[in-house]
Structures are given as structure tokens and as C-alpha cells.
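K.L.:
Input file: upload.txt. Contents: compact mmCIF, C-alpha atoms.
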# COMPACT_ATOMS: atom_id res chain seq x y z
CA MET U 1455 0.00 0.00 0.00
CA SER U 1456 2.88 2.35 0.83
CA ARG U 1457 4.51 1.72 -2.57
CA LEU U 1458 1.22 2.37 -4.36
CA LEU U 1459 0.83 5.68 -2.55
CA TYR U 1460 4.43 6.52 -3.41
CA TYR U 1461 3.87 6.00 -7.14
CA ILE U 1462 0.60 7.95 -7.11
CA LEU U 1463 2.24 10.88 -5.34
CA TYR U 1464 5.34 10.68 -7.50
CA VAL U 1465 3.36 10.82 -10.76
CA TRP U 1466 1.27 13.73 -9.44
CA MET U 1467 4.37 15.66 -8.32
CA TYR U 1468 6.32 14.87 -11.50
CA LEU U 1469 3.52 16.13 -13.72
CA HIS U 1470 3.58 19.40 -11.80
CA ALA U 1471 7.36 19.52 -12.09
CA LEU U 1472 7.02 19.48 -15.88
CA LEU U 1473 5.25 22.84 -15.76
CA PRO U 1474 7.31 26.00 -16.39
CA PHE U 1475 8.01 28.26 -13.44
CA ARG U 1476 5.57 30.94 -14.59
CA VAL U 1477 2.73 28.40 -14.37
CA LEU U 1478 3.97 27.00 -11.08
CA TYR U 1479 3.89 30.48 -9.58
CA ILE U 1480 0.29 30.93 -10.69
CA LEU U 1481 -0.48 27.69 -8.84
CA SER U 1482 1.47 29.08 -5.86
CA ASP U 1483 -0.72 32.19 -5.80
CA ILE U 1484 -3.83 29.99 -5.84
CA LEU U 1485 -2.36 27.81 -3.11
CA TYR U 1486 -1.64 30.93 -1.03
CA PHE U 1487 -5.33 31.81 -1.06
CA PHE U 1488 -6.35 28.39 0.28
CA VAL U 1489 -3.43 27.87 2.70
CA TYR U 1490 -3.55 31.36 4.21
CA LYS U 1491 -6.96 32.85 3.59
CA ILE U 1492 -9.15 29.74 3.81
CA ALA U 1493 -7.35 27.12 5.91
CA GLY U 1494 -5.19 29.49 7.96
CA TYR U 1495 -2.49 26.82 8.13
CA ARG U 1496 -0.75 27.15 11.52
CA LEU U 1497 -1.76 30.81 11.56
CA LYS U 1498 -1.90 30.99 15.36
CA VAL U 1499 1.64 29.61 15.60
CA VAL U 1500 2.93 32.07 13.01
CA ARG U 1501 1.30 35.06 14.71
CA HIS U 1502 2.52 34.04 18.14
CA ASN U 1503 6.09 33.58 16.87
CA LEU U 1504 6.10 36.92 15.08
CA GLU U 1505 4.66 38.79 18.04
CA ALA U 1506 7.20 37.27 20.45
CA SER U 1507 10.11 37.81 18.06
CA PHE U 1508 9.24 41.39 17.07
CA PRO U 1509 7.43 43.09 19.97
CA GLU U 1510 8.83 46.43 18.79
CA LYS U 1511 7.00 46.20 15.45
CA THR U 1512 3.45 47.40 14.94
CA LYS U 1513 0.63 44.94 14.30
CA GLN U 1514 0.51 46.12 10.68
CA GLU U 1515 4.25 45.51 10.22
CA ARG U 1516 3.93 41.98 11.57
CA LEU U 1517 0.91 41.40 9.33
CA THR U 1518 3.01 42.41 6.31
CA ILE U 1519 5.69 39.86 7.29
CA GLU U 1520 2.96 37.26 7.81
CA ARG U 1521 1.50 37.73 4.32
CA GLU U 1522 4.93 37.72 2.69
CA PHE U 1523 5.80 34.57 4.59
CA TYR U 1524 2.77 32.65 3.33
CA HIS U 1525 3.46 33.79 -0.23
CA HIS U 1526 7.03 32.56 0.07
CA PHE U 1527 5.97 29.34 1.81
CA CYS U 1528 3.77 28.44 -1.17
CA ASP U 1529 6.57 29.36 -3.57
CA TYR U 1530 8.87 27.04 -1.59
CA PHE U 1531 6.42 24.19 -2.11
CA VAL U 1532 6.15 24.51 -5.91
CA GLU U 1533 9.89 25.16 -6.23
CA THR U 1534 10.60 21.96 -4.34
CA LEU U 1535 8.34 20.02 -6.71
CA LYS U 1536 10.34 21.46 -9.61
CA LEU U 1537 13.42 19.60 -8.40
CA LEU U 1538 11.94 16.48 -9.98
CA HIS U 1539 12.37 18.05 -13.43
CA ILE U 1540 14.95 20.83 -13.71
CA SER U 1541 18.22 20.91 -15.62
CA ASP U 1542 21.56 21.44 -13.91
CA GLU U 1543 22.04 24.61 -15.96
CA GLU U 1544 18.73 26.16 -14.90
CA MET U 1545 19.34 25.19 -11.30
CA GLN U 1546 22.69 26.97 -11.31
CA ARG U 1547 21.11 30.08 -12.83
CA ARG U 1548 18.52 30.18 -10.07
CA MET U 1549 20.61 29.03 -7.08
CA GLN U 1550 23.95 30.82 -6.92
CA PHE U 1551 26.66 29.94 -4.42
CA ASN U 1552 29.31 32.49 -3.48
CA ASN U 1553 32.66 31.77 -1.86
CA VAL U 1554 32.47 28.00 -2.47
CA GLY U 1555 36.21 28.21 -3.09
CA GLN U 1556 36.69 28.72 0.64
CA ILE U 1557 35.22 25.27 1.32
CA LYS U 1558 37.51 23.77 -1.30
CA GLU U 1559 40.47 25.54 0.27
CA LEU U 1560 39.54 24.18 3.71
CA MET U 1561 39.29 20.67 2.25
CA LYS U 1562 42.38 20.72 0.04
CA ASP U 1563 44.63 18.93 2.56
CA GLY U 1564 42.27 16.02 3.10
CA ASN U 1565 40.13 17.77 5.70
CA SER U 1566 36.33 17.73 5.73
CA ALA U 1567 33.75 20.37 6.67
CA LEU U 1568 30.41 20.76 8.40
CA MET U 1569 27.99 23.36 7.09
CA TYR U 1570 25.33 25.10 9.17
CA LEU U 1571 22.20 26.38 7.46
CA GLY U 1572 18.61 27.03 8.42
CA HIS U 1573 15.02 26.76 7.24
CA TYR U 1574 15.40 29.96 5.27
CA CYS U 1575 14.65 30.86 1.63
CA ASN U 1576 14.51 27.50 -0.18
CA TRP U 1577 16.70 25.12 1.80
CA GLU U 1578 15.77 22.19 -0.47
CA TRP U 1579 17.67 23.86 -3.30
CA VAL U 1580 20.90 23.93 -1.26
CA THR U 1581 21.68 20.34 -2.34
CA SER U 1582 22.52 21.80 -5.75
CA ILE U 1583 25.84 22.92 -4.24
CA ASN U 1584 26.90 19.43 -5.32
CA LEU U 1585 27.11 20.79 -8.87
CA ASP U 1586 30.12 22.83 -7.75
CA PHE U 1587 31.83 19.69 -6.47
CA LYS U 1588 30.74 17.08 -9.02
CA GLU U 1589 34.27 16.46 -10.31
CA ASP U 1590 36.03 16.62 -6.94
CA GLY U 1591 35.24 13.09 -5.70
CA LYS U 1592 33.94 14.32 -2.36
CA VAL U 1593 30.88 13.08 -0.47
CA LEU U 1594 28.33 15.83 0.08
CA GLY U 1595 25.51 15.01 2.41
CA GLU U 1596 22.70 16.40 4.52
CA ILE U 1597 21.17 15.38 7.80
CA TYR U 1598 17.42 14.83 7.68
CA LYS U 1599 14.64 13.77 10.01
CA PRO U 1600 12.68 10.84 8.50
CA LEU U 1601 8.98 11.53 7.92
CA LYS U 1602 6.45 9.26 9.60
CA ASN U 1603 4.68 8.54 6.32
CA LYS U 1604 6.89 6.08 4.41
CA ALA U 1605 5.68 7.15 0.97
CA MET U 1606 6.30 10.84 1.66
CA ASP U 1607 9.66 10.05 3.22
CA ASP U 1608 10.73 8.13 0.11
CA LEU U 1609 9.55 10.97 -2.12
CA PHE U 1610 11.51 13.62 -0.25
CA LEU U 1611 14.59 11.40 -0.23
CA LYS U 1612 14.31 11.19 -4.02
CA ILE U 1613 13.95 14.96 -4.28
CA ARG U 1614 16.85 15.63 -1.92
CA SER U 1615 19.15 13.24 -3.76
CA ARG U 1616 18.44 14.92 -7.15
CA PHE U 1617 22.00 16.28 -7.32
CA GLY U 1618 23.69 13.27 -5.76
CA SER U 1619 23.52 14.36 -2.14
CA LEU U 1620 23.88 11.66 0.52
CA ALA U 1621 20.83 11.80 2.81
CA ILE U 1622 21.81 10.81 6.35
CA SER U 1623 19.08 9.96 8.84
CA LYS U 1624 19.28 12.08 11.99
CA GLN U 1625 19.80 9.08 14.28
CA ASP U 1626 22.70 7.83 12.12
CA THR U 1627 24.54 11.16 11.94
CA TYR U 1628 27.51 10.44 14.17
CA ARG U 1629 27.99 6.86 12.99
CA VAL U 1630 27.99 7.78 9.30
CA ILE U 1631 30.31 10.78 9.69
CA ILE U 1632 32.84 8.78 11.70
CA LYS U 1633 32.62 5.93 9.19
CA LEU U 1634 33.34 8.30 6.30
CA ARG U 1635 36.23 9.85 8.20
CA ASN U 1636 37.75 6.45 9.05
CA GLU U 1637 37.51 5.49 5.38
CA GLY U 1638 39.50 8.59 4.48
CA GLN U 1639 36.60 10.10 2.57
CA GLN U 1640 36.43 13.89 2.38
CA THR U 1641 32.93 15.13 3.18
CA LEU U 1642 30.84 18.28 3.37
CA ILE U 1643 27.78 17.65 5.56
CA GLY U 1644 24.93 20.15 5.91
CA PHE U 1645 23.02 20.60 9.17
CA MET U 1646 19.65 22.35 9.56
CA ALA U 1647 20.25 23.51 13.10
CA ASP U 1648 17.74 26.30 13.66
CA GLN U 1649 14.80 24.30 15.05
CA THR U 1650 13.99 22.85 18.48
CA PRO U 1651 16.16 20.01 19.82
CA ALA U 1652 14.51 17.09 21.60
CA TRP U 1653 14.33 17.98 25.28
CA ARG U 1654 16.82 15.21 26.14
CA ASN U 1655 19.37 16.89 23.88
CA ILE U 1656 19.04 20.43 25.18
CA HIS U 1657 22.35 21.47 26.75
CA TYR U 1658 22.61 25.14 25.84
CA TRP U 1659 20.29 28.16 25.84
CA THR U 1660 20.86 31.57 24.28
CA PRO U 1661 18.83 34.66 23.32
CA PHE U 1662 17.48 34.26 19.78
CA LEU U 1663 14.90 36.53 18.17
CA ASN U 1664 14.13 38.18 21.50
CA GLN U 1665 13.50 34.89 23.33
CA ASP U 1666 15.38 32.46 25.59
CA THR U 1667 16.01 29.61 23.17
CA PRO U 1668 17.36 26.03 23.36
CA VAL U 1669 19.75 25.25 20.51
CA PHE U 1670 21.51 22.24 18.99
CA THR U 1671 25.10 21.70 20.12
CA GLY U 1672 25.67 18.42 18.29
CA VAL U 1673 27.37 20.03 15.29
CA GLU U 1674 29.92 21.68 17.56
CA ARG U 1675 30.59 18.41 19.42
CA ILE U 1676 31.15 16.53 16.15
CA ALA U 1677 33.43 19.30 14.87
CA LYS U 1678 35.55 19.26 18.02
CA GLN U 1679 35.91 15.48 17.93
CA THR U 1680 36.69 15.20 14.22
CA GLY U 1681 38.54 18.47 13.71
CA PHE U 1682 36.34 19.25 10.69
CA ALA U 1683 36.13 22.90 9.64
CA VAL U 1684 32.78 24.64 10.18
CA VAL U 1685 31.06 27.09 7.83
CA TYR U 1686 27.71 28.87 7.67
CA LEU U 1687 25.59 29.23 4.54
CA ASP U 1688 24.00 32.67 4.46
CA MET U 1689 21.01 32.66 2.09
CA GLU U 1690 19.22 35.55 0.38
CA LYS U 1691 16.20 35.70 -1.92
CA ILE U 1692 17.11 37.86 -4.92
CA LYS U 1693 13.70 37.65 -6.56
CA ARG U 1694 11.00 35.06 -7.06
CA GLY U 1695 12.68 31.76 -7.91
CA HIS U 1696 16.23 33.12 -7.57
CA TYR U 1697 18.47 32.75 -4.53
CA LYS U 1698 22.03 33.52 -3.49
CA ALA U 1699 23.95 31.65 -0.79
CA THR U 1700 27.27 32.84 0.60
CA VAL U 1701 29.68 30.57 2.46
CA ARG U 1702 31.02 32.18 5.64
CA LEU U 1703 33.75 30.64 7.74
CA ILE U 1704 33.01 29.95 11.41
CA THR U 1705 36.25 28.13 12.25
CA ASP U 1706 38.96 26.12 10.54
CA ASP U 1707 40.24 24.74 13.86
CA PRO U 1708 37.23 23.81 16.04
CA LYS U 1709 39.31 22.07 18.72
CA LYS U 1710 40.77 25.42 19.73
CA GLU U 1711 37.42 27.15 20.11
CA PRO U 1712 35.95 27.77 23.60
CA GLU U 1713 32.94 25.66 24.57
CA ASN U 1714 29.72 26.79 22.84
CA LYS U 1715 31.57 29.43 20.77
CA ILE U 1716 30.86 27.63 17.48
CA THR U 1717 27.19 27.17 18.37
CA GLU U 1718 26.85 30.80 19.46
CA THR U 1719 28.51 32.08 16.28
CA TYR U 1720 26.04 30.12 14.16
CA ILE U 1721 23.02 31.35 16.13
CA ARG U 1722 24.08 34.98 15.79
CA ALA U 1723 24.67 34.51 12.04
CA MET U 1724 21.30 32.79 11.59
CA GLU U 1725 19.57 35.57 13.53
CA LYS U 1726 21.23 38.22 11.35
CA THR U 1727 20.05 36.40 8.22
CA ILE U 1728 16.45 36.26 9.49
CA LEU U 1729 16.40 39.90 10.60
CA ARG U 1730 17.55 40.98 7.13
CA ASN U 1731 14.22 39.72 5.78
CA PRO U 1732 12.04 37.84 8.31
CA ALA U 1733 9.45 36.67 5.77
CA TYR U 1734 11.68 33.91 4.41
CA TRP U 1735 12.14 31.93 7.63
CA LEU U 1736 9.91 28.96 8.59
CA TRP U 1737 7.56 30.61 11.08
CA THR U 1738 5.11 27.68 11.18
CA HIS U 1739 7.41 25.67 13.46
CA LYS U 1740 6.75 25.68 17.22
CA ARG U 1741 10.28 26.86 17.93
CA TRP U 1742 9.68 28.00 21.50
CA LYS U 1743 7.23 25.37 22.73
CA ARG U 1744 9.11 24.70 26.00
CA THR U 1745 10.61 26.98 28.63
CA ARG U 1746 13.95 26.50 30.32
CA GLU U 1747 12.20 25.62 33.58
CA GLU U 1748 10.06 22.93 31.91
CA VAL U 1749 13.06 21.34 30.21
CA GLU U 1750 15.16 21.33 33.39
CA ALA U 1751 12.30 19.71 35.31
CA MET U 1752 11.91 17.01 32.62
CA GLN U 1753 15.65 16.33 32.55
CA GLN U 1754 15.77 15.95 36.33
CA GLN U 1755 12.97 13.36 36.22
CA LYS U 1756 14.49 11.10 33.57
Using the file provided, produce a representation of the structure as C-alpha cells.
P.N.:
Amino acid sequence: MSRLLYYILYVWMYLHALLPFRVLYILSDILYFFVYKIAGYRLKVVRHNLEASFPEKTKQERLTIEREFYHHFCDYFVETLKLLHISDEEMQRRMQFNNVGQIKELMKDGNSALMYLGHYCNWEWVTSINLDFKEDGKVLGEIYKPLKNKAMDDLFLKIRSRFGSLAISKQDTYRVIIKLRNEGQQTLIGFMADQTPAWRNIHYWTPFLNQDTPVFTGVERIAKQTGFAVVYLDMEKIKRGHYKATVRLITDDPKKEPENKITETYIRAMEKTILRNPAYWLWTHKRWKRTREEVEAMQQQK
């Protein structure tokens, strides 16, 4: 039954992917009306997050961000479908990477790198960075959280591997990275580290978007153990369907960095990216669903 659902969904998505972008964006505008105006998809969560993050803004200013967010969210959906049928050349015209040479420089002596990014602009398109490395013989991968629905999980794995990216399940992260390192394989692994960690894995809190926020520290721990360089991918939306991502160095020697410095540097960079244009971040996520007191109480009881 799962395979049947997979093929039905795949055919439906592929047929949409065949459409030119101008038609897909008409569908996005229609989808916006239903998702935002009719269904109000996670509207309470979005409004709460915006109000808590930007108390200094007027209600009208937050409403403008809200509308722009839902427009972009629907664009993200149709753009992700397009990954099933888009040429390498068109992808590179629409998704530009700046300063990729810095990653190559960091990796030239056999080293590997970890790349922080967030749920900003169109993060699904970031896997096209593989096109800049396709002749280098390196393993480029991304950490992902498996979806509960097997058919949907298989579909998104197919989409995310469009440019040859290695999809690594979240629970296998450490094992796979260490295995690749022990095999002498150079790797660039991307981490979406801007969402809420499981309460068992919360070890560090910091101010983020005007709120006390738990953040992932796993990337820093892996970097310190492996010695892999760490970079941040700063994304911008140039215009509809066109993005620019700039590689920014966090550290080329993580073992020398003070505890939590790498994590803190990423959080400040991610915050700066969001503040530049808030509408392009994923506001539907319940980022601040637990307080520090609640988490500490849960951790003491386990």
C-alpha cells in the first residue's frame, strides 16, 4: 500500500514539475489563497512567533511579514516540486553559491567540513551545491529527520538526492560521519540547526529573536571530535525563484574554540540572516514550545 501511494504521489508531483516556473507560480498564488486565507495553516503559531520575536514592530508591520511569509511558503512548495524536473544549468542560474572556493580551500589537505544552514529561503535547493563539487570526488551530504509517512519520506529522499547528495538519517549522523572519516573520505555535511532540539538533547540556551532559546550543540561536538572545519551558509532571496547563498567561515580549527563558541557564532549569524528579511524563515514551526524551567524539570525526572 505504501509503494502504491508513493507511485501515485510521484506521478502527481512529477507532472507538476514538468510545468514552467511561470505556471507553477500561478499555482502558488492559488495555493496561497487556500493555505492562508481559507485554511489558515498554523496561523496561530505564526502570529505568536512573530509577536514574540518582534514586539517592537506594529501589528501592521507583523501582518506584512505574515502575508509575505505565506506567499514565500507556497513558492517554496512549488519550487521543491520542480526539483523532480529541472536541468543542472537552470538550477545553477537560479541558485547561486558564493565563496564555495573557501570550502575547497579548507578541504584541500584532506580535511572535511560541516555546514550550518537554516530553514530559510529554499533550503531544499541547497543540495545543488553538489554541482560545484561534481568532479572533486567528495561526499556531500545532509542530515534529515525521516517523515512518519513512508511514501512521503521516500519521495523527499528522491527529491533531496536529485543532485547526488547523501541523505543521512538524523539518528545515524555520528555513525555515518565517523565511518566516512575512518575510510579517508572527504565530506561536506549540511546541518539544519535552527529548530527545536529534543528535550533530552538540550544542553545550551541563548537569546534568539528576542527569546530564551534552546539550541543544537551536536554540530559543535562533532566538529571538536573530528577536527572538521565549520562554515555557515548565508542565504538571500534575490527575486522570485532566484536565490544567493554565501559561504562564511566559522572556524577552521574547532578544537581550539571555547565551549559553545561555534554554536553561538552560528546562532548569531542565523539571527542576522532572518532579521535581514524575516518573511523567508519557517515561522510555522513551534520553535519555543518549551521553557527552560520545563526542560530542566523534565531532565531531572528522567
K.L.:
So which residues fall inside 10 Å of (6.9, 26.1, 16.5) if we count all atoms listed in the file? Mind giving them as an NGL selection string?
P.N.:
:U and (1496 or 1499-1500 or 1502-1503 or 1649-1650 or 1736-1744)
K.L.:
Near Asp1607 in chain U, counting only C-alpha atoms, which residues have an atom at most 12 Å away, once you skip same-chain residues fewer than 5 positions from it, shown as JSON, numbers by chain?
P.N.:
{"U": [1456, 1457, 1459, 1460, 1463, 1464, 1598, 1599, 1600, 1601, 1602, 1612, 1613, 1614, 1621, 1623]}
K.L.:
From the set U:Ile1656, U:Leu1469, U:Cys1575, U:Ile1728, which residue has the shortest atom-to-atom contact distance to Lys1693 in chain U, counting all atoms listed in the file?
P.N.:
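For Lys1693 in chain U, the nearest of the given residues is U:Cys1575.
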K.L.:
Under the rule that only C-alpha atoms are counted, which of U:Arg1521, U:Lys1715, U:Lys1513, U:Arg1616 is the nearest residue to His1539 in chain U?
P.N.:
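The shortest atom-to-atom distance to His1539 in chain U comes from U:Arg1616.
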K.L.:
With the cut-off set at 12 Å and counting all atoms listed in the file, tabulate each residue of range 1639-1703 of chain U with an atom at most that distance from an atom of range 1532-1538 of chain U, showing the nearest atom pair and its distance in Å to one decimal, ordered by chain and increasing number, as CSV.
P.N.:
residue,atom,partner,partner_atom,distance
U:Arg1694,CA,U:Glu1533,CA,10.0
U:Gly1695,CA,U:Glu1533,CA,7.4
U:His1696,CA,U:Glu1533,CA,10.3
U:Tyr1697,CA,U:Glu1533,CA,11.6
K.L.:
Given the choices U:Glu1750, U:Asp1626, U:Glu1713, U:Glu1596, which gets closest to Pro1668 in chain U if the distance is worked out from only C-alpha atoms?
P.N.:
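Nearest candidate to Pro1668 in chain U out of U:Glu1750, U:Asp1626, U:Glu1713, U:Glu1596: U:Glu1750.
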K.L.:
Between U:Glu1690, U:Asp1666, U:Glu1718, U:Glu1674, which one has atoms that come closest to Ala1567 in chain U, using all atoms listed in the file?
P.N.:
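Of the candidates, the smallest distance to Ala1567 in chain U is held by U:Glu1674.
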K.L.:
To one decimal in Å, tell me the separation between CA of Asp1483 in chain U and CA of Cys1528 in chain U.
P.N.:
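Those two atoms sit 7.5 Å apart.
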K.L.:
Return the single residue from U:Ile1492, U:Val1593, U:Ile1704, U:Met1689 that is closest to Thr1641 in chain U, with distances computed using only C-alpha atoms.
P.N.:
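Result for the nearest residue to Thr1641 in chain U: U:Val1593.
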